[in-house]
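Asker: Structure file upload_12.csv, CSV, C-alpha atoms, is pasted below:
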chain,number,residue,atom,x,y,z
A,306,MET,CA,63.8,-42.1,-48.5
A,307,THR,CA,66.8,-43.9,-47.1
A,308,GLU,CA,66.8,-45.1,-43.5
A,309,ALA,CA,68.7,-42.8,-41.2
A,310,ARG,CA,69.3,-42.6,-37.5
A,311,PHE,CA,69.6,-39.3,-35.6
A,312,GLU,CA,72.9,-38.6,-34.0
A,313,PHE,CA,71.7,-38.2,-30.5
A,314,GLY,CA,75.2,-38.4,-29.1
A,315,SER,CA,76.6,-35.5,-31.1
A,316,ASN,CA,73.7,-33.4,-29.8
A,317,TRP,CA,74.3,-34.4,-26.1
A,318,TYR,CA,78.1,-34.2,-26.3
A,319,LYS,CA,77.8,-30.6,-27.4
A,320,TYR,CA,75.4,-30.0,-24.5
A,321,VAL,CA,77.7,-31.4,-21.8
A,322,ARG,CA,80.8,-29.6,-23.2
A,323,LYS,CA,79.1,-26.2,-23.4
A,324,ASN,CA,76.1,-26.1,-21.0
A,325,LEU,CA,76.7,-28.5,-18.2
A,326,THR,CA,77.1,-26.6,-14.9
A,327,ASP,CA,77.0,-27.6,-11.2
A,328,GLU,CA,73.5,-26.0,-11.1
A,329,ARG,CA,72.2,-28.2,-13.9
A,330,ILE,CA,73.7,-31.3,-12.3
A,331,ALA,CA,72.1,-30.4,-8.9
A,332,ILE,CA,68.7,-30.0,-10.7
A,333,ALA,CA,69.0,-33.4,-12.4
A,334,LYS,CA,69.9,-35.0,-9.1
A,335,ALA,CA,66.9,-33.4,-7.4
A,336,HIS,CA,64.5,-34.6,-10.2
A,337,LEU,CA,65.8,-38.1,-10.0
A,338,LEU,CA,65.5,-38.4,-6.2
A,339,ASP,CA,62.1,-36.6,-6.1
A,340,PHE,CA,60.6,-38.9,-8.6
A,341,LEU,CA,61.9,-41.9,-6.8
A,342,ASP,CA,60.8,-40.3,-3.5
A,343,VAL,CA,64.1,-41.0,-1.7
A,344,LYS,CA,66.7,-38.8,-0.1
A,345,ASP,CA,69.7,-40.6,-1.6
A,346,LEU,CA,70.7,-43.7,-3.5
A,347,ASN,CA,73.2,-45.0,-0.9
A,348,GLY,CA,73.9,-48.7,-1.3
A,349,ILE,CA,71.8,-48.9,-4.5
A,350,ALA,CA,73.2,-50.1,-7.8
A,351,PHE,CA,72.1,-48.1,-10.8
A,352,LEU,CA,71.7,-49.2,-14.5
A,353,ASP,CA,71.3,-46.4,-17.0
A,354,ILE,CA,70.0,-47.8,-20.3
A,355,GLY,CA,70.6,-45.3,-23.1
A,356,CYS,CA,72.7,-42.9,-21.0
A,357,GLY,CA,72.6,-40.1,-23.6
A,358,SER,CA,74.2,-37.0,-22.0
A,359,GLY,CA,75.3,-39.0,-18.9
A,360,VAL,CA,73.9,-36.3,-16.7
A,361,HIS,CA,71.6,-38.6,-14.8
A,362,SER,CA,74.2,-41.3,-14.3
A,363,LEU,CA,76.3,-38.5,-12.8
A,364,ALA,CA,73.3,-37.5,-10.7
A,365,ALA,CA,73.1,-41.1,-9.5
A,366,GLN,CA,76.8,-41.1,-8.7
A,367,LEU,CA,76.5,-37.9,-6.6
A,368,SER,CA,73.4,-39.4,-4.9
A,369,GLY,CA,75.5,-42.2,-3.5
A,370,ALA,CA,74.8,-45.1,-5.8
A,371,SER,CA,77.0,-48.0,-4.9
A,372,LYS,CA,77.6,-49.1,-8.5
A,373,ILE,CA,76.7,-47.5,-11.9
A,374,HIS,CA,76.6,-49.1,-15.3
A,375,SER,CA,75.9,-46.7,-18.2
A,376,PHE,CA,75.6,-47.7,-21.8
A,377,ASP,CA,74.3,-46.3,-25.1
A,378,TYR,CA,74.1,-47.4,-28.7
A,379,ASP,CA,75.6,-44.0,-29.8
A,380,GLU,CA,79.4,-43.7,-29.4
A,381,GLN,CA,79.1,-39.9,-28.9
A,382,SER,CA,76.7,-40.5,-26.1
A,383,VAL,CA,79.3,-42.8,-24.5
A,384,ALA,CA,81.8,-40.0,-24.9
A,385,ALA,CA,79.4,-37.5,-23.3
A,386,THR,CA,78.9,-39.8,-20.4
A,387,GLU,CA,82.7,-40.3,-20.0
A,388,PHE,CA,82.9,-36.5,-19.9
A,389,CYS,CA,80.5,-36.5,-17.0
A,390,ARG,CA,82.2,-39.4,-15.3
A,391,ALA,CA,85.5,-37.4,-15.4
A,392,LYS,CA,83.8,-34.8,-13.1
A,393,THR,CA,83.8,-37.3,-10.2
A,394,ARG,CA,86.7,-38.7,-8.2
A,395,SER,CA,85.2,-42.0,-7.6
A,396,LYS,CA,85.3,-43.7,-11.0
A,397,GLY,CA,86.0,-47.3,-10.0
A,398,ASN,CA,82.3,-48.1,-9.4
A,399,TRP,CA,81.1,-46.5,-12.7
A,400,VAL,CA,81.3,-48.4,-16.0
A,401,VAL,CA,80.6,-46.6,-19.2
A,402,GLU,CA,80.4,-48.5,-22.5
A,403,ARG,CA,78.7,-48.9,-25.8
A,404,GLY,CA,75.8,-51.4,-25.8
A,405,ASP,CA,72.5,-52.1,-27.5
A,406,VAL,CA,69.3,-52.7,-25.6
A,407,LEU,CA,68.0,-54.8,-28.5
A,408,ASP,CA,71.0,-57.2,-28.2
A,409,ARG,CA,69.6,-60.0,-26.0
A,410,ASP,CA,73.1,-61.5,-25.3
A,411,TYR,CA,74.4,-58.1,-24.2
A,412,MET,CA,71.4,-57.4,-22.0
A,413,ASN,CA,71.5,-60.9,-20.4
A,414,GLY,CA,75.2,-60.3,-19.5
A,415,LEU,CA,74.3,-57.2,-17.4
A,416,GLY,CA,72.5,-59.3,-14.8
A,417,GLN,CA,69.8,-57.7,-12.6
A,418,TRP,CA,69.8,-54.4,-10.8
A,419,PRO,CA,67.7,-52.9,-8.0
A,420,LEU,CA,67.3,-49.6,-9.9
A,421,VAL,CA,67.1,-49.4,-13.7
A,422,TYR,CA,66.7,-46.0,-15.5
A,423,SER,CA,65.8,-45.3,-19.1
A,424,TRP,CA,64.6,-41.8,-19.9
A,425,GLY,CA,63.3,-41.0,-23.4
A,426,VAL,CA,65.3,-43.8,-25.1
A,427,LEU,CA,63.5,-47.0,-25.8
A,428,HIS,CA,61.0,-45.4,-28.3
A,429,HIS,CA,64.0,-44.5,-30.5
A,430,THR,CA,65.3,-48.1,-30.9
A,431,GLY,CA,63.0,-49.1,-33.8
A,432,ASP,CA,61.4,-51.8,-31.7
A,433,VAL,CA,60.0,-50.1,-28.5
A,434,TRP,CA,58.2,-53.2,-27.1
A,435,GLN,CA,61.2,-55.5,-27.5
A,436,ALA,CA,63.5,-52.8,-26.0
A,437,LEU,CA,61.0,-52.5,-23.1
A,438,ALA,CA,60.9,-56.2,-22.5
A,439,ASN,CA,64.7,-56.5,-22.6
A,440,ALA,CA,65.1,-53.6,-20.2
A,441,MET,CA,62.6,-55.1,-17.8
A,442,GLU,CA,64.6,-58.3,-17.6
A,443,THR,CA,67.5,-56.4,-16.0
A,444,VAL,CA,65.3,-55.3,-13.0
A,445,ALA,CA,65.9,-57.4,-9.9
A,446,PRO,CA,63.0,-58.8,-7.9
A,447,ASP,CA,61.6,-56.0,-5.8
A,448,GLY,CA,63.7,-53.6,-7.9
A,449,ARG,CA,62.4,-50.4,-9.5
A,450,PHE,CA,62.2,-49.4,-13.2
A,451,TYR,CA,62.1,-45.7,-14.0
A,452,VAL,CA,61.3,-45.2,-17.7
A,453,ALA,CA,60.0,-42.3,-19.8
A,454,LEU,CA,58.4,-42.8,-23.2
A,455,TYR,CA,56.8,-40.6,-25.8
A,456,SER,CA,53.0,-40.7,-25.2
A,457,GLU,CA,50.5,-41.2,-28.0
A,458,ASP,CA,47.9,-40.0,-25.5
A,459,ARG,CA,49.4,-36.5,-25.4
A,460,GLU,CA,50.4,-36.0,-29.1
A,461,LYS,CA,47.6,-35.5,-31.6
A,462,ARG,CA,49.8,-35.0,-34.7
A,463,LEU,CA,51.5,-38.3,-34.7
A,464,GLN,CA,52.1,-38.7,-38.5
A,465,TYR,CA,53.1,-35.1,-38.9
A,466,TRP,CA,55.9,-35.4,-36.3
A,467,LEU,CA,57.0,-38.8,-37.6
A,468,ASP,CA,57.4,-37.3,-41.1
A,469,ILE,CA,59.3,-34.3,-39.7
A,470,LYS,CA,61.6,-36.5,-37.7
A,471,GLU,CA,62.4,-38.7,-40.7
A,472,ARG,CA,63.1,-35.7,-42.9
A,473,TYR,CA,65.3,-34.1,-40.3
A,474,ALA,CA,67.3,-37.2,-39.8
A,475,ASN,CA,67.9,-37.4,-43.6
A,476,ALA,CA,68.7,-33.7,-44.0
A,477,GLY,CA,72.0,-32.0,-44.5
A,478,PRO,CA,73.5,-29.5,-41.9
A,479,LEU,CA,71.9,-26.4,-43.5
A,480,LYS,CA,68.5,-27.9,-43.8
A,481,LYS,CA,68.6,-29.1,-40.2
A,482,GLU,CA,69.3,-25.6,-39.0
A,483,LEU,CA,66.5,-24.2,-41.1
A,484,MET,CA,64.1,-26.9,-39.7
A,485,PHE,CA,65.3,-26.0,-36.2
A,486,LEU,CA,64.6,-22.3,-36.7
A,487,HIS,CA,61.2,-23.0,-38.3
A,488,ASN,CA,60.2,-25.1,-35.3
A,489,VAL,CA,61.2,-22.4,-32.8
A,490,LEU,CA,59.4,-19.7,-34.7
A,491,SER,CA,56.3,-21.7,-35.7
A,492,ASP,CA,55.7,-24.3,-33.0
A,493,ARG,CA,57.2,-22.5,-30.0
A,494,MET,CA,56.4,-18.9,-30.8
A,495,LYS,CA,53.5,-19.3,-33.2
A,496,TRP,CA,55.1,-16.7,-35.6
A,497,LYS,CA,54.6,-14.0,-32.9
A,498,PRO,CA,58.0,-12.3,-32.1
A,499,TRP,CA,56.6,-10.9,-28.9
A,500,LYS,CA,56.4,-14.4,-27.5
A,501,ILE,CA,60.2,-14.5,-27.0
A,502,GLY,CA,59.6,-14.0,-23.3
A,503,LYS,CA,57.4,-17.1,-23.2
A,504,LEU,CA,60.1,-19.0,-25.0
A,505,MET,CA,62.7,-17.9,-22.5
A,506,ARG,CA,60.4,-19.0,-19.6
A,507,GLN,CA,60.1,-22.4,-21.3
A,508,ALA,CA,63.9,-22.6,-21.5
A,509,LYS,CA,64.1,-21.8,-17.8
A,510,LYS,CA,61.5,-24.4,-16.9
A,511,SER,CA,63.4,-27.0,-18.9
A,512,LYS,CA,66.5,-26.2,-17.0
A,513,GLU,CA,64.7,-26.2,-13.6
A,514,SER,CA,62.7,-29.4,-14.1
A,515,ARG,CA,65.5,-31.8,-15.2
A,516,GLY,CA,68.6,-29.7,-15.6
A,517,MET,CA,68.3,-29.9,-19.4
A,518,SER,CA,68.5,-27.3,-22.2
A,519,LEU,CA,65.4,-26.5,-24.1
A,520,PHE,CA,67.2,-25.8,-27.4
A,521,THR,CA,69.1,-29.1,-27.1
A,522,ASP,CA,65.8,-30.8,-26.4
A,523,ILE,CA,64.2,-29.2,-29.5
A,524,ARG,CA,67.0,-30.7,-31.7
A,525,ASP,CA,66.6,-34.0,-29.9
A,526,TRP,CA,62.8,-33.9,-30.5
A,527,LEU,CA,63.1,-32.9,-34.2
A,528,GLY,CA,65.8,-35.5,-34.9
A,529,GLY,CA,64.4,-38.4,-32.9
A,530,TRP,CA,64.4,-41.0,-35.6
A,531,PRO,CA,63.6,-43.9,-35.5
A,532,MET,CA,60.6,-43.1,-33.4
A,533,GLN,CA,57.5,-44.8,-31.9
A,534,PHE,CA,54.7,-43.4,-29.8
A,535,VAL,CA,53.0,-45.6,-27.2
A,536,LYS,CA,49.8,-45.4,-25.2
A,537,ASP,CA,50.2,-45.1,-21.5
A,538,GLN,CA,47.8,-47.8,-20.6
A,539,ASP,CA,49.5,-50.2,-23.1
A,540,VAL,CA,52.7,-49.7,-21.3
A,541,VAL,CA,51.1,-50.3,-17.9
A,542,GLN,CA,49.5,-53.5,-19.1
A,543,PHE,CA,52.7,-54.6,-20.8
A,544,ALA,CA,54.6,-54.2,-17.5
A,545,GLU,CA,51.9,-55.8,-15.4
A,546,ALA,CA,51.9,-58.9,-17.6
A,547,ARG,CA,55.6,-59.2,-16.8
A,548,GLY,CA,55.2,-59.1,-13.1
A,549,PHE,CA,55.5,-55.3,-12.5
A,550,SER,CA,53.3,-53.0,-10.5
A,551,LEU,CA,52.9,-49.3,-11.2
A,552,GLU,CA,54.0,-47.1,-8.4
A,553,LYS,CA,53.9,-43.7,-10.1
A,554,ILE,CA,53.0,-42.0,-13.4
A,555,VAL,CA,53.7,-38.4,-14.4
A,556,GLN,CA,53.3,-36.6,-17.7
A,557,ILE,CA,56.1,-34.2,-18.6
A,558,GLU,CA,56.1,-32.4,-21.9
A,559,ALA,CA,55.6,-35.1,-24.6
A,560,ASN,CA,56.8,-37.9,-22.4
A,561,THR,CA,55.1,-40.0,-19.7
A,562,GLU,CA,57.3,-41.0,-16.8
A,563,PHE,CA,56.6,-44.4,-15.2
A,564,LEU,CA,57.9,-45.9,-12.1
A,565,PHE,CA,57.4,-49.7,-11.8
A,566,ARG,CA,58.4,-52.2,-9.2
A,567,ARG,CA,59.1,-55.8,-10.0
A,568,LYS,CA,57.0,-58.1,-7.8
Hey, can you dump this file as structure tokens for me?

Answerer:
Amino acid sequence: MTEARFEFGSNWYKYVRKNLTDERIAIAKAHLLDFLDVKDLNGIAFLDIGCGSGVHSLAAQLSGASKIHSFDYDEQSVAATEFCRAKTRSKGNWVVERGDVLDRDYMNGLGQWPLVYSWGVLHHTGDVWQALANAMETVAPDGRFYVALYSEDREKRLQYWLDIKERYANAGPLKKELMFLHNVLSDRMKWKPWKIGKLMRQAKKSKESRGMSLFTDIRDWLGGWPMQFVKDQDVVQFAEARGFSLEKIVQIEANTEFLFRRK
């Protein structure tokens, strides 16, 4: 099978164009601040590695971040983030551009930041450990690193999902839609139509927890290729070996969220 990469940006650009509301932005902002255990980001510079939809960069902007730099490998994700940036009046302190976390020269040029954010991104680069190492280098001394990664500890069907993701990434539009429908009916509803209520509750929970869309997340999950799962303890040990201490760890859906501080 030929190598393919899922078009994350196309998925997220459609989301921000059709589904982004003030309510969802407020929820994303609340999740960001709650996890960091702060009331605002006043005076804090924010680096968003793999900005995706741009919603959390926007949340940082609305939380008072002094400077924001958002980048993504996918040009459509850059466009989605530009769409979010257009919603704010203060654009001078917010840079949006295309960049690659695996490009050492590019990453070195970013300097170091007091708050670095990368949610559900680094495991899709094809080299999660190098991506993680490069991202950590951008964290300033005493700075914080908020990262979410797909957890091997929580997913028991690793090879099954890796096969699904590779097939989805290589599929045509019709087959992608059929695979999406199959996932909703089989994995989410267990072929039981009366579970539609549970599915809608899941959609509401997805919206209320991070301001995201369940059905956009399902496409993102199915198409997430390339893909690597990691063990939580391996991530913690990897970070500690590079001078970071773990401040917080939370499991959310298939991801584990980590908050590290650079010593």

Asker: To one decimal place in Å, what is the distance between CA of Val555 in chain A and CA of Val321 in chain A?

Answerer: 26.1 Å

Asker: Compare A:Asp379, A:Tyr320, A:Leu407, A:Tyr451 by their minimum atom-to-atom distance to His336 in chain A, counting all atoms listed in the file, and give me the closest one.

Answerer: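 When distances to His336 in chain A are compared using all atoms listed in the file, the smallest one comes from A:Tyr451.
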
Asker: For CA of Ala445 in chain A and CA of Ile557 in chain A, quote the distance in Å rounded to one decimal.

Answerer: 26.6 Å

Asker: Between CA of Glu562 in chain A and CA of Asn324 in chain A, measure the distance and give it in Å to one decimal.

Answerer: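 Separating CA of Glu562 in chain A from CA of Asn324 in chain A is a distance of 24.4 Å.
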
Asker: For Thr521 in chain A, which residue out of A:Val489, A:Leu415, A:Ile469, A:Met441 is the nearest one, using all atoms listed in the file?

Answerer: A:Val489

Asker: So that I can check the surroundings of Cys356 in chain A, please list as number ranges by chain every protein, DNA and RNA residue that reaches within 10 Å of it, counting all atoms listed in the file and ignoring chain neighbours fewer than 5 positions away.

Answerer: A: 314, 361-363, 374-379, 382-383, 385-386, 401-403, 422-426

Asker: Check which residues of range 361-406 of chain A sit at most 12 Å from range 340-347 of chain A using only C-alpha atoms, and return one row each with the closest pair of atoms and their distance in Å to one decimal, ordered by chain and rising number, as a Markdown table.

Answerer:
| residue | atom | partner | partner_atom | distance |
| --- | --- | --- | --- | --- |
| A:Ser362 | CA | A:Leu346 | CA | 11.6 |
| A:Ala364 | CA | A:Leu346 | CA | 9.9 |
| A:Ala365 | CA | A:Leu346 | CA | 7.0 |
| A:Gln366 | CA | A:Leu346 | CA | 8.4 |
| A:Leu367 | CA | A:Leu346 | CA | 8.8 |
| A:Ser368 | CA | A:Asp345 | CA | 5.1 |
| A:Gly369 | CA | A:Asn347 | CA | 4.5 |
| A:Ala370 | CA | A:Leu346 | CA | 4.9 |
| A:Ser371 | CA | A:Asn347 | CA | 6.3 |
| A:Lys372 | CA | A:Asn347 | CA | 9.7 |
| A:Ile373 | CA | A:Leu346 | CA | 11.0 |

Asker: Print the selection's residues with C-alpha atoms to a file, as a compact mmCIF listing (two decimals), in the frame of the given file.

Answerer:
# COMPACT_ATOMS: atom_id res chain seq x y z
CA SER A 362 74.20 -41.30 -14.30
CA ALA A 364 73.30 -37.50 -10.70
CA ALA A 365 73.10 -41.10 -9.50
CA GLN A 366 76.80 -41.10 -8.70
CA LEU A 367 76.50 -37.90 -6.60
CA SER A 368 73.40 -39.40 -4.90
CA GLY A 369 75.50 -42.20 -3.50
CA ALA A 370 74.80 -45.10 -5.80
CA SER A 371 77.00 -48.00 -4.90
CA LYS A 372 77.60 -49.10 -8.50
CA ILE A 373 76.70 -47.50 -11.90

Asker: Leaving out range 537-554 of chain A and any residue of its chain fewer than 2 positions from it, which residues lie within 7 Å of it when counting only C-alpha atoms, given as number ranges by chain?

Answerer: A: 456, 458, 535, 556, 561-568

Asker: Ranking A:Phe520, A:Trp526, A:Trp317, A:Tyr411 by minimum distance to Ala474 in chain A and counting all atoms listed in the file, which one comes first?

Answerer: A:Trp526

Asker: So, counting all atoms listed in the file, which residue among A:Ala331, A:Ile523, A:Val452, A:Leu427 is closest to Tyr473 in chain A?

Answerer: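 Among A:Ala331, A:Ile523, A:Val452, A:Leu427, it is A:Ile523 that comes nearest to Tyr473 in chain A.
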
Asker: Need the shell around Glu457 in chain A: protein/DNA/RNA residues with any atom at most 8 Å away, counting all atoms listed in the file. Skip same-chain ones fewer than 2 positions apart. Format as a list in words?

Answerer: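 Result of the neighbour search: Tyr455, Arg459, Glu460, Lys461, Leu463, Phe534, Val535, Lys536 and Asp537 of chain A.
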
Asker: Quick one: of A:Ile332, A:Met494, A:Asn316, A:Asp339, who's nearest to Gln381 in chain A, counting all atoms listed in the file?

Answerer: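 Checking each candidate against Gln381 in chain A, we get A:Asn316 as the closest.
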
Asker: When distances are computed from only C-alpha atoms, which of A:Glu471, A:Asp447, A:Glu328, A:Asp405 shows the smallest separation from Gln435 in chain A?

Answerer: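 Nearest to Gln435 in chain A: A:Asp405.
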
Asker: Can you pull out every residue within 9 Å of Asp408 in chain A, counting only C-alpha atoms, but drop anything in the same chain fewer than 4 positions away, and send it as a ChimeraX atom specification?

Answerer: /A:404,412-413,436,439

Asker: Write out as a list in words the residues lying within 6 Å of Met532 in chain A, counting all atoms listed in the file and excluding same-chain residues fewer than 2 positions away.

Answerer: His428, His429 and Trp530 of chain A

Asker: Convert the current residue selection to file output with C-alpha atoms, as a short mmCIF file (atom, residue, chain, number, x, y, z; two decimals), in the frame of the given file.

Answerer:
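File out.cif, as written:
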data_model
loop_
_atom_site.label_atom_id
_atom_site.label_comp_id
_atom_site.auth_asym_id
_atom_site.auth_seq_id
_atom_site.Cartn_x
_atom_site.Cartn_y
_atom_site.Cartn_z
CA HIS A 428 61.00 -45.40 -28.30
CA HIS A 429 64.00 -44.50 -30.50
CA TRP A 530 64.40 -41.00 -35.60
#
